[in-house]
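Participant: Below is one structure. I have some questions about it.
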Amino acid sequence: MPAWRLLGELPQASIREEMRAQFIGEWNPWATHWFPLSELPIVMSDPRNPALRCHVKTYETSISMGRRRFAAVLLDGIWRIYVPAVTGESGAFEASKPLFEGFWRTADTTSQGRVGNPDWPVPDSGWTGREVFLASLDHVEQTAKRIAYRGYSSCRICGCRNGDMEYQFMEWVWPSGFRHYVDEHHVRPSVEFQNFISQWAR
């Protein structure tokens, strides 16, 4: 697992003058452009509640000595900025990768869906745990973080418009339309995701 450490915290600024005055050491994070990295976000303990997890996006920016890779998240009006660390370094912690359920390739491409998912949703009419799982899923989705897409997703089986956001809770991420696959098409979730939903629905 990659190691990271907190570089610093900054209150969310509302005007340019406040942003220009904010520094972590000699670095003003707002003075240069942030380039989002194509890698997956890091998953770490939520600083507001260590029993939960938050997903933090990674970026790169220019600094006087070259380039800086970092991760940043805004929580309750505070920007928290993290940088890669060496295991055992003071303040270092291990981050993990997000886990995905219900993301598949589109009909016009042969590319894989999100890591750990099969190419295509496969119905399993013999699965008897569907109703219990759906009730548990509804419960978990009430507290999960919702992230909006830039448009609607289409069901890979019937083609209907099927959701415009995804849910994020603990390490897991799944599309809002995943319920449709389970309910309407009898797609059976992975054992790992079933166990996760069951655990947090109690």
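Identifiers for the structure tokens are assigned positionally: chains receive A, B, ... in sequence, residues are indexed from 1 per chain, and ligands are indexed from 1 in the order shown.
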Give one line per residue of region 75-168 of chain A that approaches region 174-185 of chain A to at most 12 Å, naming the two atoms of the closest pair and their distance in Å to one decimal, counting only C-alpha atoms; sort by chain then ascending residue number and deliver it as CSV.
Facilitator:
```
residue,atom,partner,partner_atom,distance
A:Pro98,CA,A:Trp174,CA,10.4
A:Leu99,CA,A:Trp174,CA,8.7
A:Phe100,CA,A:Trp174,CA,5.9
A:Glu101,CA,A:Trp174,CA,5.0
A:Gly102,CA,A:Phe178,CA,5.7
A:Phe103,CA,A:Pro175,CA,7.0
A:Trp104,CA,A:Pro175,CA,10.3
A:Gly113,CA,A:Trp174,CA,11.9
A:Arg114,CA,A:Trp174,CA,10.0
A:Asn117,CA,A:Trp174,CA,10.9
A:Trp120,CA,A:Tyr181,CA,11.1
A:Pro121,CA,A:Tyr181,CA,7.7
A:Val122,CA,A:His185,CA,8.4
A:Pro123,CA,A:His185,CA,5.8
A:Asp124,CA,A:His185,CA,8.1
A:Ser125,CA,A:His185,CA,8.2
A:Gly126,CA,A:His185,CA,11.7
A:Trp127,CA,A:Val182,CA,10.2
A:Thr128,CA,A:Val182,CA,11.6
A:Gly129,CA,A:Val182,CA,10.4
A:Arg130,CA,A:Val182,CA,7.1
A:Glu131,CA,A:Asp183,CA,8.2
A:Val132,CA,A:Asp183,CA,11.1
A:Phe133,CA,A:Val182,CA,8.9
A:Leu134,CA,A:Arg179,CA,7.1
A:Ala135,CA,A:Arg179,CA,10.2
A:Ser136,CA,A:Arg179,CA,11.0
A:Leu137,CA,A:Arg179,CA,7.9
A:Asp138,CA,A:Arg179,CA,8.7
A:Val140,CA,A:Trp174,CA,11.6
A:Glu141,CA,A:Ser176,CA,8.8
A:Gln142,CA,A:Ser176,CA,11.7
A:Ala144,CA,A:Trp174,CA,10.2
A:Lys145,CA,A:Trp174,CA,10.7
A:Arg146,CA,A:Ser176,CA,8.6
A:Ile147,CA,A:Pro175,CA,9.3
A:Ala148,CA,A:Ser176,CA,9.7
A:Tyr149,CA,A:Pro175,CA,9.6
A:Tyr152,CA,A:Gly177,CA,9.6
A:Ser153,CA,A:Gly177,CA,7.8
A:Ser154,CA,A:Gly177,CA,8.6
A:Cys155,CA,A:Tyr181,CA,7.7
A:Arg156,CA,A:Tyr181,CA,8.9
A:Ile157,CA,A:His185,CA,7.9
A:Cys158,CA,A:His185,CA,8.8
A:Gly159,CA,A:Tyr181,CA,11.3
A:Cys160,CA,A:His180,CA,9.9
A:Arg161,CA,A:Gly177,CA,8.8
A:Asn162,CA,A:Gly177,CA,5.0
A:Gly163,CA,A:Gly177,CA,4.8
A:Asp164,CA,A:Ser176,CA,7.0
A:Met165,CA,A:Ser176,CA,5.6
A:Glu166,CA,A:Pro175,CA,4.0
A:Tyr167,CA,A:Trp174,CA,5.4
A:Gln168,CA,A:Trp174,CA,6.8
```
Participant: Please list as an NGL selection string every residue within 12 Å of region 69-71 of chain A, counting only C-alpha atoms and excluding residues in the same chain fewer than 2 positions away.
Facilitator: :A and (3-9 or 29 or 34-37 or 39-44 or 54-63 or 66-67 or 73-74 or 79-85 or 95)
Participant: Keeping C-alpha atoms, export the residues of the selection given above as an mmCIF file, in the first residue's frame.
Facilitator:
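Once written, result_20.cif looks like this:
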```
data_model
loop_
_atom_site.group_PDB
_atom_site.id
_atom_site.type_symbol
_atom_site.label_atom_id
_atom_site.label_comp_id
_atom_site.auth_asym_id
_atom_site.auth_seq_id
_atom_site.Cartn_x
_atom_site.Cartn_y
_atom_site.Cartn_z
ATOM 1 C CA ALA A 3 2.282 5.719 2.144
ATOM 2 C CA TRP A 4 1.127 9.328 2.472
ATOM 3 C CA ARG A 5 1.348 12.051 5.102
ATOM 4 C CA LEU A 6 -0.513 15.264 5.811
ATOM 5 C CA LEU A 7 1.420 18.239 4.445
ATOM 6 C CA GLY A 8 -0.898 20.885 5.829
ATOM 7 C CA GLU A 9 -4.382 22.283 6.277
ATOM 8 C CA PRO A 29 -1.195 25.678 -3.459
ATOM 9 C CA TRP A 34 -3.566 21.550 -10.444
ATOM 10 C CA PHE A 35 -3.417 18.777 -13.041
ATOM 11 C CA PRO A 36 -5.653 15.813 -12.091
ATOM 12 C CA LEU A 37 -3.805 12.507 -12.361
ATOM 13 C CA GLU A 39 -4.626 7.233 -11.252
ATOM 14 C CA LEU A 40 -7.348 6.130 -8.843
ATOM 15 C CA PRO A 41 -8.053 8.274 -5.771
ATOM 16 C CA ILE A 42 -6.478 7.217 -2.509
ATOM 17 C CA VAL A 43 -8.747 5.908 0.240
ATOM 18 C CA MET A 44 -7.846 6.955 3.768
ATOM 19 C CA CYS A 54 -12.864 9.210 2.404
ATOM 20 C CA HIS A 55 -11.703 9.167 -1.208
ATOM 21 C CA VAL A 56 -9.076 11.772 -2.043
ATOM 22 C CA LYS A 57 -8.137 12.721 -5.604
ATOM 23 C CA THR A 58 -4.512 13.072 -6.640
ATOM 24 C CA TYR A 59 -2.935 15.903 -8.601
ATOM 25 C CA GLU A 60 0.347 17.234 -9.885
ATOM 26 C CA THR A 61 1.539 20.820 -9.997
ATOM 27 C CA SER A 62 4.665 22.828 -10.747
ATOM 28 C CA ILE A 63 6.898 24.023 -7.931
ATOM 29 C CA GLY A 66 10.115 20.729 -10.469
ATOM 30 C CA ARG A 67 6.814 18.883 -10.013
ATOM 31 C CA VAL A 73 -9.737 17.092 -0.226
ATOM 32 C CA LEU A 74 -12.106 19.770 1.074
ATOM 33 C CA TRP A 79 -8.551 21.892 2.651
ATOM 34 C CA ARG A 80 -6.333 18.996 3.647
ATOM 35 C CA ILE A 81 -3.315 18.388 1.431
ATOM 36 C CA TYR A 82 -1.284 15.161 1.484
ATOM 37 C CA VAL A 83 1.994 14.170 -0.149
ATOM 38 C CA PRO A 84 3.665 10.790 -0.732
ATOM 39 C CA ALA A 85 5.685 9.552 2.221
ATOM 40 C CA ALA A 95 -3.706 4.515 1.860
#
```
Participant: To one decimal place in Å, what is the distance between CA of Phe193 (chain A) and CA of Trp172 (chain A)?
Facilitator: 8.2 Å
Participant: Quick one: residues within 10 Å of Gln12 (chain A), only C-alpha atoms, excluding same-chain residues fewer than 5 positions away - as a ChimeraX atom specification?
Facilitator: /A:18-19,22,74-80
Participant: Quick one: DSSP helix (DSSP H, G or I) residues in region 9-184 of chain A, as a VMD selection string?
Facilitator: chain A and resid 16 to 20 130 to 141 178 to 184
Participant: DSSP on the backbone, strand (DSSP E) only: what residues of region 12-171 of chain A does that give? Format it as number ranges by chain.
Facilitator: A: 35-36, 42-46, 49-63, 66-75, 78-84, 93-94, 99-100, 145-148, 165-169
Participant: Kindly save the residues from that selection, with C-alpha atoms included, as a tab-separated table (two decimals), in the first residue's frame.
Facilitator:
```tsv
chain	number	residue	atom	x	y	z
A	35	PHE	CA	-3.42	18.78	-13.04
A	36	PRO	CA	-5.65	15.81	-12.09
A	42	ILE	CA	-6.48	7.22	-2.51
A	43	VAL	CA	-8.75	5.91	0.24
A	44	MET	CA	-7.85	6.96	3.77
A	45	SER	CA	-9.40	7.36	7.19
A	46	ASP	CA	-11.80	10.29	7.31
A	49	ASN	CA	-14.31	10.26	11.91
A	50	PRO	CA	-11.51	7.66	11.77
A	51	ALA	CA	-14.08	4.85	11.70
A	52	LEU	CA	-15.09	5.96	8.20
A	53	ARG	CA	-13.17	6.41	4.93
A	54	CYS	CA	-12.86	9.21	2.40
A	55	HIS	CA	-11.70	9.17	-1.21
A	56	VAL	CA	-9.08	11.77	-2.04
A	57	LYS	CA	-8.14	12.72	-5.60
A	58	THR	CA	-4.51	13.07	-6.64
A	59	TYR	CA	-2.94	15.90	-8.60
A	60	GLU	CA	0.35	17.23	-9.88
A	61	THR	CA	1.54	20.82	-10.00
A	62	SER	CA	4.67	22.83	-10.75
A	63	ILE	CA	6.90	24.02	-7.93
A	66	GLY	CA	10.11	20.73	-10.47
A	67	ARG	CA	6.81	18.88	-10.01
A	68	ARG	CA	4.84	17.99	-6.92
A	69	ARG	CA	2.42	15.07	-6.66
A	70	PHE	CA	-0.18	15.52	-3.98
A	71	ALA	CA	-3.70	14.61	-2.88
A	72	ALA	CA	-6.26	17.16	-1.72
A	73	VAL	CA	-9.74	17.09	-0.23
A	74	LEU	CA	-12.11	19.77	1.07
A	75	LEU	CA	-13.97	18.66	4.21
A	78	ILE	CA	-10.91	22.88	5.47
A	79	TRP	CA	-8.55	21.89	2.65
A	80	ARG	CA	-6.33	19.00	3.65
A	81	ILE	CA	-3.31	18.39	1.43
A	82	TYR	CA	-1.28	15.16	1.48
A	83	VAL	CA	1.99	14.17	-0.15
A	84	PRO	CA	3.66	10.79	-0.73
A	93	PHE	CA	-0.08	6.30	6.92
A	94	GLU	CA	-1.01	3.68	4.38
A	99	LEU	CA	-13.22	-0.89	-4.67
A	100	PHE	CA	-15.81	-0.83	-7.48
A	145	LYS	CA	-21.97	10.08	-0.42
A	146	ARG	CA	-23.59	10.91	-3.77
A	147	ILE	CA	-21.46	12.12	-6.69
A	148	ALA	CA	-23.15	13.48	-9.82
A	165	MET	CA	-24.65	9.59	-10.13
A	166	GLU	CA	-22.59	7.17	-8.11
A	167	TYR	CA	-22.48	6.25	-4.45
A	168	GLN	CA	-19.33	6.30	-2.35
A	169	PHE	CA	-19.13	4.70	1.07
```
Participant: Considering only C-alpha atoms, state which residue in the set A:Pro189, A:Pro47, A:Pro11, A:Pro2 is at the smallest distance from Phe23 (chain A).
Facilitator: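 Counting only C-alpha atoms, the residue closest to Phe23 (chain A) is A:Pro11.
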